[in-house]
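*Asks:* Here you go, this is protein_24.cif (mmCIF, C-alpha atoms).
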```
data_upload
loop_
_atom_site.group_PDB
_atom_site.id
_atom_site.type_symbol
_atom_site.label_atom_id
_atom_site.label_comp_id
_atom_site.auth_asym_id
_atom_site.auth_seq_id
_atom_site.Cartn_x
_atom_site.Cartn_y
_atom_site.Cartn_z
ATOM 1 C CA MET A 27 14.617 19.634 18.229
ATOM 2 C CA ALA A 28 14.285 16.639 20.547
ATOM 3 C CA ARG A 29 11.863 13.985 19.364
ATOM 4 C CA ASN A 30 9.274 11.912 21.197
ATOM 5 C CA THR A 31 8.738 14.598 23.831
ATOM 6 C CA SER A 32 5.684 16.802 24.246
ATOM 7 C CA ARG A 33 6.434 20.541 24.092
ATOM 8 C CA LYS A 34 4.236 23.569 24.738
ATOM 9 C CA ILE A 35 3.522 26.919 23.112
ATOM 10 C CA TYR A 36 1.899 29.674 25.189
ATOM 11 C CA LEU A 37 0.492 33.111 24.419
ATOM 12 C CA SER A 38 1.335 36.051 26.660
ATOM 13 C CA TYR A 39 -0.041 39.555 27.168
ATOM 14 C CA LYS A 40 1.474 41.950 29.736
ATOM 15 C CA GLY A 41 2.764 39.134 31.912
ATOM 16 C CA VAL A 42 -0.406 37.016 31.763
ATOM 17 C CA VAL A 43 0.310 33.642 30.148
ATOM 18 C CA TYR A 44 -2.375 31.583 28.388
ATOM 19 C CA LYS A 45 -2.449 27.908 27.451
ATOM 20 C CA PHE A 46 -2.393 27.416 23.699
ATOM 21 C CA VAL A 47 -0.714 24.455 21.925
ATOM 22 C CA THR A 48 1.160 21.258 22.702
ATOM 23 C CA TYR A 49 2.986 19.288 20.004
ATOM 24 C CA GLN A 50 4.852 15.992 19.849
ATOM 25 C CA LEU A 51 6.594 13.747 17.332
ATOM 26 C CA GLU A 52 5.882 10.170 18.372
ATOM 27 C CA ASP A 53 8.777 8.021 17.140
ATOM 28 C CA SER A 54 7.018 4.701 17.660
ATOM 29 C CA ASP A 55 4.326 5.207 15.021
ATOM 30 C CA GLY A 56 5.889 8.107 13.124
ATOM 31 C CA SER A 57 3.066 10.559 13.825
ATOM 32 C CA PHE A 58 3.093 14.255 14.685
ATOM 33 C CA TYR A 59 0.450 15.513 17.105
ATOM 34 C CA ILE A 60 -0.789 19.084 17.573
ATOM 35 C CA THR A 61 -3.270 19.796 20.373
ATOM 36 C CA LEU A 62 -5.090 23.133 20.763
ATOM 37 C CA GLN A 63 -5.613 23.525 24.481
ATOM 38 C CA ARG A 64 -8.960 24.619 25.907
ATOM 39 C CA GLU A 65 -10.641 23.455 29.073
ATOM 40 C CA GLY A 66 -14.274 22.450 29.323
ATOM 41 C CA HIS A 67 -16.827 20.855 27.017
ATOM 42 C CA SER A 68 -19.245 21.944 24.311
ATOM 43 C CA TYR A 69 -22.856 20.856 23.845
ATOM 44 C CA GLU A 70 -23.294 22.381 20.417
ATOM 45 C CA TYR A 71 -21.196 23.768 17.578
ATOM 46 C CA ILE A 72 -21.671 25.930 14.495
ATOM 47 C CA ARG A 73 -20.776 24.368 11.167
ATOM 48 C CA TYR A 74 -19.873 26.513 8.194
ATOM 49 C CA SER A 75 -18.061 25.968 4.899
ATOM 50 C CA SER A 76 -17.423 27.950 1.747
ATOM 51 C CA ASN A 77 -20.179 25.877 0.093
ATOM 52 C CA GLN A 78 -22.829 26.967 2.603
ATOM 53 C CA ARG A 79 -24.812 30.176 2.497
ATOM 54 C CA GLU A 80 -25.622 30.215 6.191
ATOM 55 C CA PRO A 81 -23.898 28.786 9.290
ATOM 56 C CA GLU A 82 -25.664 25.774 10.791
ATOM 57 C CA CYS A 83 -26.036 25.308 14.537
ATOM 58 C CA CYS A 84 -25.688 21.617 15.478
ATOM 59 C CA ASN A 85 -26.439 19.966 18.813
ATOM 60 C CA LEU A 86 -24.202 17.200 20.129
ATOM 61 C CA GLU A 87 -25.727 13.973 21.445
ATOM 62 C CA LYS A 88 -23.153 14.079 24.229
ATOM 63 C CA ASN A 89 -20.720 16.786 25.230
ATOM 64 C CA ARG A 90 -17.375 17.142 23.489
ATOM 65 C CA GLU A 91 -14.049 18.486 24.703
ATOM 66 C CA LYS A 92 -13.324 22.018 23.553
ATOM 67 C CA ARG A 93 -9.706 21.183 22.857
ATOM 68 C CA LYS A 94 -8.898 20.144 19.288
ATOM 69 C CA LYS A 95 -6.276 17.659 18.142
ATOM 70 C CA ILE A 96 -4.575 17.155 14.783
ATOM 71 C CA SER A 97 -2.659 13.947 14.064
ATOM 72 C CA TYR A 98 -0.374 13.983 11.013
ATOM 73 C CA HIS A 99 0.554 10.340 10.382
ATOM 74 C CA SER A 100 3.694 9.059 8.669
ATOM 75 C CA SER A 101 1.556 8.106 5.654
ATOM 76 C CA GLY A 102 0.443 11.725 5.173
ATOM 77 C CA CYS A 103 -3.066 10.997 6.445
ATOM 78 C CA VAL A 104 -4.197 13.853 8.709
ATOM 79 C CA ARG A 105 -7.015 13.252 11.176
ATOM 80 C CA TYR A 106 -8.962 15.968 13.004
ATOM 81 C CA HIS A 107 -10.179 15.026 16.478
ATOM 82 C CA ASN A 108 -13.100 16.523 18.425
ATOM 83 C CA VAL A 109 -14.523 18.017 15.227
ATOM 84 C CA HIS A 110 -16.840 16.727 12.508
ATOM 85 C CA GLU A 111 -14.263 16.909 9.733
ATOM 86 C CA PRO A 112 -13.043 14.070 7.481
ATOM 87 C CA SER A 113 -9.420 13.023 7.174
ATOM 88 C CA ALA A 114 -7.254 14.777 4.573
ATOM 89 C CA TYR A 115 -4.207 13.511 2.706
ATOM 90 C CA PHE A 116 -0.844 15.232 2.423
ATOM 91 C CA GLU A 117 2.803 14.306 1.865
ATOM 92 C CA PRO A 118 4.292 11.416 3.898
ATOM 93 C CA LEU A 119 6.463 12.621 6.784
ATOM 94 C CA SER A 120 9.475 10.839 5.265
ATOM 95 C CA ASN A 121 9.248 12.990 2.122
ATOM 96 C CA ILE A 122 8.084 16.523 2.866
ATOM 97 C CA THR A 123 8.897 18.657 -0.189
ATOM 98 C CA LYS A 124 6.460 21.573 0.066
ATOM 99 C CA LEU A 125 4.149 23.457 2.422
ATOM 100 C CA ASN A 126 1.382 21.176 3.724
ATOM 101 C CA LEU A 127 -1.209 23.506 5.269
ATOM 102 C CA VAL A 128 -3.304 21.341 7.581
ATOM 103 C CA ALA A 129 -5.456 23.742 9.632
ATOM 104 C CA SER A 130 -6.048 27.260 10.906
ATOM 105 C CA TYR A 131 -7.451 28.456 14.217
ATOM 106 C CA ILE A 132 -9.051 31.844 14.807
ATOM 107 C CA VAL A 133 -9.056 33.006 18.429
ATOM 108 C CA PRO A 134 -11.633 35.793 18.997
ATOM 109 C CA ALA A 135 -9.609 37.241 21.900
ATOM 110 C CA VAL A 136 -6.546 35.854 23.661
ATOM 111 C CA ASN A 137 -8.024 36.656 27.070
ATOM 112 C CA ARG A 138 -10.725 34.052 26.390
ATOM 113 C CA LEU A 139 -8.129 31.286 26.528
ATOM 114 C CA ASP A 140 -7.355 29.503 29.802
ATOM 115 C CA PRO A 141 -4.706 31.208 31.977
ATOM 116 C CA PHE A 142 -1.566 29.254 32.815
ATOM 117 C CA ASP A 143 -0.345 29.606 36.391
ATOM 118 C CA GLY A 144 2.444 27.012 36.374
ATOM 119 C CA GLU A 145 6.180 27.354 35.847
ATOM 120 C CA LEU A 146 7.500 27.865 32.320
ATOM 121 C CA THR A 147 10.498 25.788 31.246
ATOM 122 C CA ILE A 148 13.369 26.658 28.918
ATOM 123 C CA GLU A 149 11.841 24.294 26.337
ATOM 124 C CA ASP A 150 8.528 26.189 26.180
ATOM 125 C CA PHE A 151 7.793 28.770 23.503
ATOM 126 C CA VAL A 152 5.962 31.961 24.489
ATOM 127 C CA ILE A 153 4.392 34.235 21.848
ATOM 128 C CA ASP A 154 3.901 37.810 23.036
ATOM 129 C CA ILE A 155 0.597 39.295 21.894
ATOM 130 C CA ALA A 156 0.144 43.054 21.413
ATOM 131 C CA ASP A 157 -3.596 43.114 22.156
ATOM 132 C CA ASP A 158 -5.383 40.465 24.218
ATOM 133 C CA LYS A 159 -8.824 41.535 22.952
ATOM 134 C CA LYS A 160 -8.012 41.415 19.246
ATOM 135 C CA LYS A 161 -8.897 38.505 16.946
ATOM 136 C CA ILE A 162 -5.878 36.459 15.762
ATOM 137 C CA GLN A 163 -5.491 33.683 13.197
ATOM 138 C CA PHE A 164 -2.978 30.864 13.693
ATOM 139 C CA THR A 165 -2.093 28.665 10.711
ATOM 140 C CA PHE A 166 -0.503 25.224 11.122
ATOM 141 C CA SER A 167 1.651 23.677 8.388
ATOM 142 C CA ILE A 168 4.175 20.897 7.908
ATOM 143 C CA ALA A 169 7.024 21.966 5.604
ATOM 144 C CA PRO A 170 10.554 20.878 4.619
ATOM 145 C CA TRP A 171 12.763 20.956 7.704
ATOM 146 C CA ASN A 172 14.815 23.935 6.450
ATOM 147 C CA ALA A 173 11.877 25.890 4.986
ATOM 148 C CA LYS A 174 11.883 29.682 5.282
ATOM 149 C CA ILE A 175 8.840 31.947 5.077
ATOM 150 C CA GLU A 176 8.437 35.709 5.393
ATOM 151 C CA SER A 177 5.376 35.921 7.650
ATOM 152 C CA THR A 178 5.416 36.162 11.455
ATOM 153 C CA HIS A 179 5.836 32.600 12.657
ATOM 154 C CA ILE A 180 7.418 30.004 14.917
ATOM 155 C CA ALA A 181 9.347 27.183 13.221
ATOM 156 C CA ILE A 182 9.947 23.906 15.064
ATOM 157 C CA ARG A 183 12.597 22.051 13.043
ATOM 158 C CA TYR A 184 13.249 18.314 13.153
ATOM 159 C CA GLU A 185 16.547 18.072 11.294
ATOM 160 C CA ASN A 186 16.347 16.243 7.954
ATOM 161 C CA LEU A 187 12.694 15.354 8.617
ATOM 162 C CA PHE A 188 10.283 18.288 8.566
ATOM 163 C CA CYS A 189 9.409 21.638 10.075
ATOM 164 C CA PHE A 190 6.276 22.477 12.063
ATOM 165 C CA LEU A 191 5.287 26.028 11.115
ATOM 166 C CA LEU A 192 2.920 28.117 13.214
ATOM 167 C CA GLU A 193 2.042 31.388 11.460
ATOM 168 C CA VAL A 194 0.501 34.298 13.377
ATOM 169 C CA SER A 195 -1.605 36.892 11.540
ATOM 170 C CA GLU A 196 -4.739 38.958 11.485
ATOM 171 C CA PRO A 197 -7.731 36.898 10.302
ATOM 172 C CA ARG A 198 -7.396 36.068 6.609
ATOM 173 C CA THR A 199 -10.817 34.444 6.388
ATOM 174 C CA ASN A 200 -14.070 36.372 6.075
ATOM 175 C CA LEU A 201 -16.499 34.926 8.574
ATOM 176 C CA PRO A 202 -20.297 35.327 8.836
ATOM 177 C CA ASN A 203 -21.518 37.604 11.618
ATOM 178 C CA GLU A 204 -22.981 34.606 13.478
ATOM 179 C CA ILE A 205 -19.499 33.213 14.228
ATOM 180 C CA GLU A 206 -17.485 36.433 14.493
ATOM 181 C CA ASN A 207 -17.026 36.042 18.264
ATOM 182 C CA HIS A 208 -16.470 32.285 18.337
ATOM 183 C CA PHE A 209 -13.338 30.161 18.318
ATOM 184 C CA VAL A 210 -13.120 28.940 14.718
ATOM 185 C CA PHE A 211 -11.272 25.796 13.630
ATOM 186 C CA LEU A 212 -10.634 25.760 9.872
ATOM 187 C CA THR A 213 -9.587 22.780 7.755
ATOM 188 C CA PRO A 214 -8.932 22.641 3.999
ATOM 189 C CA GLN A 215 -11.737 21.212 1.870
ATOM 190 C CA LYS A 216 -9.204 18.612 0.749
ATOM 191 C CA GLY A 217 -5.511 17.933 1.216
ATOM 192 C CA LEU A 218 -2.842 17.818 -1.454
ATOM 193 C CA TYR A 219 -4.165 14.419 -2.570
ATOM 194 C CA GLU A 220 -7.553 12.787 -2.977
ATOM 195 C CA GLU A 221 -6.385 9.672 -1.134
ATOM 196 C CA GLN A 222 -3.444 8.318 0.850
ATOM 197 C CA ILE A 223 -0.496 7.947 -1.543
ATOM 198 C CA ILE A 224 1.497 5.380 0.439
ATOM 199 C CA ASP A 225 0.332 2.482 2.627
ATOM 200 C CA CYS A 226 0.885 2.601 6.379
ATOM 201 C CA ASP A 227 3.542 -0.143 6.509
ATOM 202 C CA CYS A 228 5.679 1.482 3.798
ATOM 203 C CA ALA A 229 5.231 4.878 5.429
ATOM 204 C CA LEU A 230 6.374 3.578 8.819
ATOM 205 C CA VAL A 231 9.467 1.856 7.374
ATOM 206 C CA LEU A 232 10.464 4.919 5.313
ATOM 207 C CA PHE A 233 9.939 7.232 8.304
ATOM 208 C CA HIS A 234 12.281 5.218 10.538
ATOM 209 C CA GLN A 235 14.847 4.851 7.764
ATOM 210 C CA LYS A 236 14.815 8.629 7.279
ATOM 211 C CA LEU A 237 15.075 9.068 11.049
ATOM 212 C CA GLN A 238 18.101 6.762 11.279
ATOM 213 C CA ASN A 239 19.634 7.645 7.879
ATOM 214 C CA THR A 240 19.732 4.055 6.625
ATOM 215 C CA ARG A 241 17.953 1.800 4.136
ATOM 216 C CA ASP A 242 18.598 -1.366 6.158
ATOM 217 C CA LEU A 243 16.774 -3.224 8.913
ATOM 218 C CA ILE A 244 16.682 -1.202 12.154
ATOM 219 C CA ILE A 245 16.731 -2.587 15.682
ATOM 220 C CA TYR A 246 15.926 -0.374 18.654
ATOM 221 C CA SER A 247 17.348 -1.025 22.103
ATOM 222 C CA PRO A 248 15.005 -2.340 24.798
ATOM 223 C CA ASN A 249 12.677 0.085 26.568
ATOM 224 C CA LYS A 250 12.148 0.036 30.321
ATOM 225 C CA GLU A 251 9.932 -3.073 29.972
ATOM 226 C CA GLY A 252 12.719 -4.850 28.101
ATOM 227 C CA ILE A 253 10.955 -4.746 24.715
ATOM 228 C CA TYR A 254 13.119 -4.475 21.587
ATOM 229 C CA LYS A 255 11.702 -3.212 18.298
ATOM 230 C CA ILE A 256 12.740 -4.284 14.804
ATOM 231 C CA ILE A 257 11.799 -2.167 11.778
ATOM 232 C CA CYS A 258 11.914 -4.264 8.601
ATOM 233 C CA ALA A 259 14.087 -3.070 5.709
ATOM 234 C CA VAL A 260 10.975 -3.336 3.508
ATOM 235 C CA PRO A 261 7.412 -4.278 4.437
ATOM 236 C CA MET A 262 6.988 -8.058 4.321
ATOM 237 C CA ARG A 263 4.264 -9.934 2.423
ATOM 238 C CA ILE A 264 2.851 -11.168 5.743
ATOM 239 C CA PRO A 265 4.066 -10.765 9.356
ATOM 240 C CA PRO A 266 7.358 -12.692 9.158
ATOM 241 C CA GLU A 267 8.769 -15.608 11.074
ATOM 242 C CA VAL A 268 11.723 -14.455 13.181
ATOM 243 C CA GLU A 269 15.026 -16.074 14.106
ATOM 244 C CA ILE A 270 17.422 -14.282 16.485
ATOM 245 C CA GLU A 271 20.869 -15.548 17.441
ATOM 246 C CA PHE A 272 22.554 -14.173 20.571
ATOM 247 C CA ALA A 273 26.267 -14.045 21.342
ATOM 248 C CA ASP A 274 25.476 -15.768 24.648
ATOM 249 C CA ARG A 275 23.451 -18.875 23.836
ATOM 250 C CA GLN A 276 21.784 -18.952 27.248
ATOM 251 C CA TYR A 277 19.397 -16.306 25.944
ATOM 252 C CA CYS A 278 16.264 -16.864 23.908
ATOM 253 C CA PHE A 279 13.575 -14.505 22.612
ATOM 254 C CA GLU A 280 9.844 -14.116 22.974
ATOM 255 C CA ILE A 281 7.808 -12.363 20.285
ATOM 256 C CA ILE A 282 5.465 -9.747 21.769
ATOM 257 C CA SER A 283 3.835 -8.636 18.517
ATOM 258 C CA LYS A 284 4.539 -8.472 14.811
ATOM 259 C CA THR A 285 3.132 -6.850 11.702
ATOM 260 C CA LYS A 286 4.372 -6.647 8.117
ATOM 261 C CA SER A 287 6.749 -3.837 9.144
ATOM 262 C CA VAL A 288 7.448 -4.027 12.906
ATOM 263 C CA ILE A 289 8.414 -6.859 15.265
ATOM 264 C CA LYS A 290 8.588 -6.456 19.034
ATOM 265 C CA PHE A 291 10.307 -9.010 21.256
ATOM 266 C CA LYS A 292 11.788 -9.623 24.692
ATOM 267 C CA VAL A 293 14.987 -11.453 25.624
ATOM 268 C CA LYS A 294 14.662 -14.244 28.218
ATOM 269 C CA ASP A 295 17.418 -15.879 30.268
ATOM 270 C CA LYS A 296 17.692 -19.578 31.184
ATOM 271 C CA HIS A 297 15.296 -18.961 34.096
ATOM 272 C CA ASP A 298 12.678 -17.526 31.716
ATOM 273 C CA GLN A 299 13.163 -14.065 33.229
ATOM 274 C CA THR A 300 13.044 -10.969 31.020
ATOM 275 C CA VAL A 301 16.490 -9.429 30.529
ATOM 276 C CA LYS A 302 15.981 -5.657 30.488
ATOM 277 C CA LYS A 303 19.582 -4.692 29.786
ATOM 278 C CA GLU A 304 20.773 -4.804 26.178
ATOM 279 C CA VAL A 305 22.424 -8.072 25.161
ATOM 280 C CA PRO A 306 24.636 -8.673 22.062
ATOM 281 C CA ILE A 307 22.783 -10.029 19.027
ATOM 282 C CA VAL A 308 24.754 -11.948 16.378
ATOM 283 C CA ASP A 309 22.112 -12.307 13.685
ATOM 284 C CA ILE A 310 18.442 -11.593 12.893
ATOM 285 C CA THR A 311 16.560 -13.379 10.126
ATOM 286 C CA LEU A 312 13.082 -12.384 8.992
ATOM 287 C CA ASP A 313 11.252 -14.647 6.546
ATOM 288 C CA ALA A 314 7.703 -14.201 5.296
ATOM 289 C CA GLU A 315 7.808 -17.605 3.559
ATOM 290 C CA PHE A 316 8.557 -19.833 6.570
ATOM 291 C CA GLY A 317 6.052 -22.652 6.950
ATOM 292 C CA ALA A 318 4.812 -22.443 3.339
#
```
Let me see the structure of the file written as structure tokens.

*Replies:*
Amino acid sequence: MARNTSRKIYLSYKGVVYKFVTYQLEDSDGSFYITLQREGHSYEYIRYSSNQREPECCNLEKNREKRKKISYHSSGCVRYHNVHEPSAYFEPLSNITKLNLVASYIVPAVNRLDPFDGELTIEDFVIDIADDKKKIQFTFSIAPWNAKIESTHIAIRYENLFCFLLEVSEPRTNLPNEIENHFVFLTPQKGLYEEQIIDCDCALVLFHQKLQNTRDLIIYSPNKEGIYKIICAVPMRIPPEVEIEFADRQYCFEIISKTKSVIKFKVKDKHDQTVKKEVPIVDITLDAEFGA
């Protein structure tokens, strides 16, 4: 599956197509994004958990988008957007070894989703639904890239990284009568871990090393703005000093930003103009002790 590109999943009933999910693996920060598509805004919501006896109706100080977003970061930290739910902690994306169930979504009836009247592409997934008025549960998990399960599902596989599993089933959760006809977004009470098990800099380095199948420093070619990106072989103690030697000595470099794990820079010519084409680099030195 291609990376760094947003893809779409639709639901379909008798030729009518409904907007449902977009997903994307963002290479730059090593995060996977899942967005549940719904148009419009809400002014209140009903909160319910297994610890509560009765659902609680809550008013919002200002309206909130109906769409929901899940961001699964390279560190394993999962954030839930447009809901009042805390972050949860799962396996880092560079080391997915088991099923990481991050959320479920119960749709009261498919025909209550927003119709899609655009053109489908060959990269879109379409799930055919047998009954557009029947309640359906969708369960979202991150699993090993070659994972296999028996239930009805779609598997989006990023080779040697992970698999995005979308399971389709009848509702598995007993809901109070007050929310039977609502869209219900379910999150686990906690993730696999009580806290993040790896820091963000280590997670980012390990993600890119898994992506590129190396344990060494990684340098990415310039983007359309002429910005190169270096991923350190290991996170540095502090953002490092950088020395770059070019095959053609007319070139010099300009640091755009740097952290303990990532350095971004541009190449400049003798006229101080940004060189957007790739130029040969002889050597790169990173040192977190310079100037001590």

*Asks:* Find the residues around Arg263 in chain A up to 9 Å (all atoms listed in the file counted), leave out those fewer than 3 positions away in its own chain, and share them as a list in words.

*Replies:* Pro266, Lys286, Ala314 and Glu315 of chain A

*Asks:* Identify all residues satisfying the PyMOL selection byres ((chain A and resi 131) around 7) in the given file; provide them as a list in words.

*Replies:* Ala129, Ser130, Ile132, Val133, Gln163, Phe164, Thr165, Val210, Phe211 and Leu212 of chain A

*Asks:* Just the number, please: distance in Å from CA of Ile162 in chain A to CA of Ser97 in chain A, one decimal.

*Replies:*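 Those two atoms sit 22.8 Å apart.
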
*Asks:* I would like the residues chosen by the PyMOL selection byres ((chain A and resi 105-120) around 8) on the shown file; could you give them as number ranges by chain?

*Replies:* A: 56, 90-104, 121-123, 126, 187-188, 213, 216-224, 229, 232-233, 236

*Asks:* Pull C-alpha atoms from the residues just selected and write them as a compact mmCIF listing (two decimals), in the coordinates of the input.

*Replies:*
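The file below, part.txt, is the result:
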```
# COMPACT_ATOMS: atom_id res chain seq x y z
CA GLY A 56 5.89 8.11 13.12
CA ARG A 90 -17.38 17.14 23.49
CA GLU A 91 -14.05 18.49 24.70
CA LYS A 92 -13.32 22.02 23.55
CA ARG A 93 -9.71 21.18 22.86
CA LYS A 94 -8.90 20.14 19.29
CA LYS A 95 -6.28 17.66 18.14
CA ILE A 96 -4.58 17.16 14.78
CA SER A 97 -2.66 13.95 14.06
CA TYR A 98 -0.37 13.98 11.01
CA HIS A 99 0.55 10.34 10.38
CA SER A 100 3.69 9.06 8.67
CA SER A 101 1.56 8.11 5.65
CA GLY A 102 0.44 11.72 5.17
CA CYS A 103 -3.07 11.00 6.44
CA VAL A 104 -4.20 13.85 8.71
CA ASN A 121 9.25 12.99 2.12
CA ILE A 122 8.08 16.52 2.87
CA THR A 123 8.90 18.66 -0.19
CA ASN A 126 1.38 21.18 3.72
CA LEU A 187 12.69 15.35 8.62
CA PHE A 188 10.28 18.29 8.57
CA THR A 213 -9.59 22.78 7.76
CA LYS A 216 -9.20 18.61 0.75
CA GLY A 217 -5.51 17.93 1.22
CA LEU A 218 -2.84 17.82 -1.45
CA TYR A 219 -4.16 14.42 -2.57
CA GLU A 220 -7.55 12.79 -2.98
CA GLU A 221 -6.38 9.67 -1.13
CA GLN A 222 -3.44 8.32 0.85
CA ILE A 223 -0.50 7.95 -1.54
CA ILE A 224 1.50 5.38 0.44
CA ALA A 229 5.23 4.88 5.43
CA LEU A 232 10.46 4.92 5.31
CA PHE A 233 9.94 7.23 8.30
CA LYS A 236 14.82 8.63 7.28
```

*Asks:* Starting from the PyMOL selection byres ((chain A and resi 73) around 9), expand the selection into actual residues of this file and give them as a ChimeraX atom specification.

*Replies:* /A:71-72,74-75,81-84,110

*Asks:* Tell me which residues come within 9 Å of (13.9, -1.2, 10.6), as a PyMOL selection string, counting only C-alpha atoms in the file's coordinates.

*Replies:* chain A and resi 231-232+234-235+240-246+255-260+287-288

*Asks:* Tell me, in Å to one decimal, how far CA of Glu193 in chain A is from CA of Asp53 in chain A.

*Replies:*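 These atoms are spaced 25.0 Å apart.
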
*Asks:* Taking (7.6, -3.3, 26.3) in the file's coordinates, which residues come within 10 Å, counting only C-alpha atoms, written as a list of chain:residue names?

*Replies:*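 The answer, in the requested form, is A:Pro248, A:Asn249, A:Lys250, A:Glu251, A:Gly252, A:Ile253, A:Tyr254, A:Lys255, A:Ile282, A:Lys290, A:Phe291, A:Lys292, A:Lys302.
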
*Asks:* Give the answer as one residue: which of A:Asp143, A:Thr48, A:Gln215, A:Glu185 has the shortest atom-to-atom distance to Asn77 in chain A, using all atoms listed in the file?

*Replies:*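 For Asn77 in chain A, the nearest of the given residues is A:Gln215.
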
*Asks:* Which one of A:Thr199, A:Gln63, A:Lys124, A:Tyr39 sits closest to Asn172 in chain A if you count all atoms listed in the file?

*Replies:*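 Of all the options, A:Lys124 lies closest to Asn172 in chain A.
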
*Asks:* Measure the distance from CA of Ser54 in chain A to CA of Leu192 in chain A in Å and round it to one decimal.

*Replies:* 24.2 Å

*Asks:* With a distance cut-off of 12 Å and all atoms listed in the file, select the neighbouring residues of Pro306 in chain A, excluding the residue or stretch itself and same-chain residues fewer than 6 positions from it, and output the selection as a PyMOL selection string.

*Replies:* chain A and resi 245+247-248+270-278+293

*Asks:* Smallest atom-to-atom distance to Val268 in chain A: which of A:Leu312, A:Ile289, A:Leu201, A:Leu139, using all atoms listed in the file?

*Replies:*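 The answer is A:Leu312, which sits nearest to Val268 in chain A.
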
*Asks:* Compare A:Lys40, A:Asn186, A:Pro170, A:Tyr49 by their minimum atom-to-atom distance to Asn239 in chain A, counting only C-alpha atoms, and give me the closest one.

*Replies:*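 Residue with the minimum atom-to-atom distance to Asn239 in chain A: A:Asn186.
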
*Asks:* Calculated over all atoms listed in the file, which of the candidates A:Arg198, A:Gly144, A:Ala181, A:Asn89 has the smallest distance to Gly66 in chain A?

*Replies:*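 Among the listed residues, the smallest separation from Gly66 in chain A belongs to A:Asn89.
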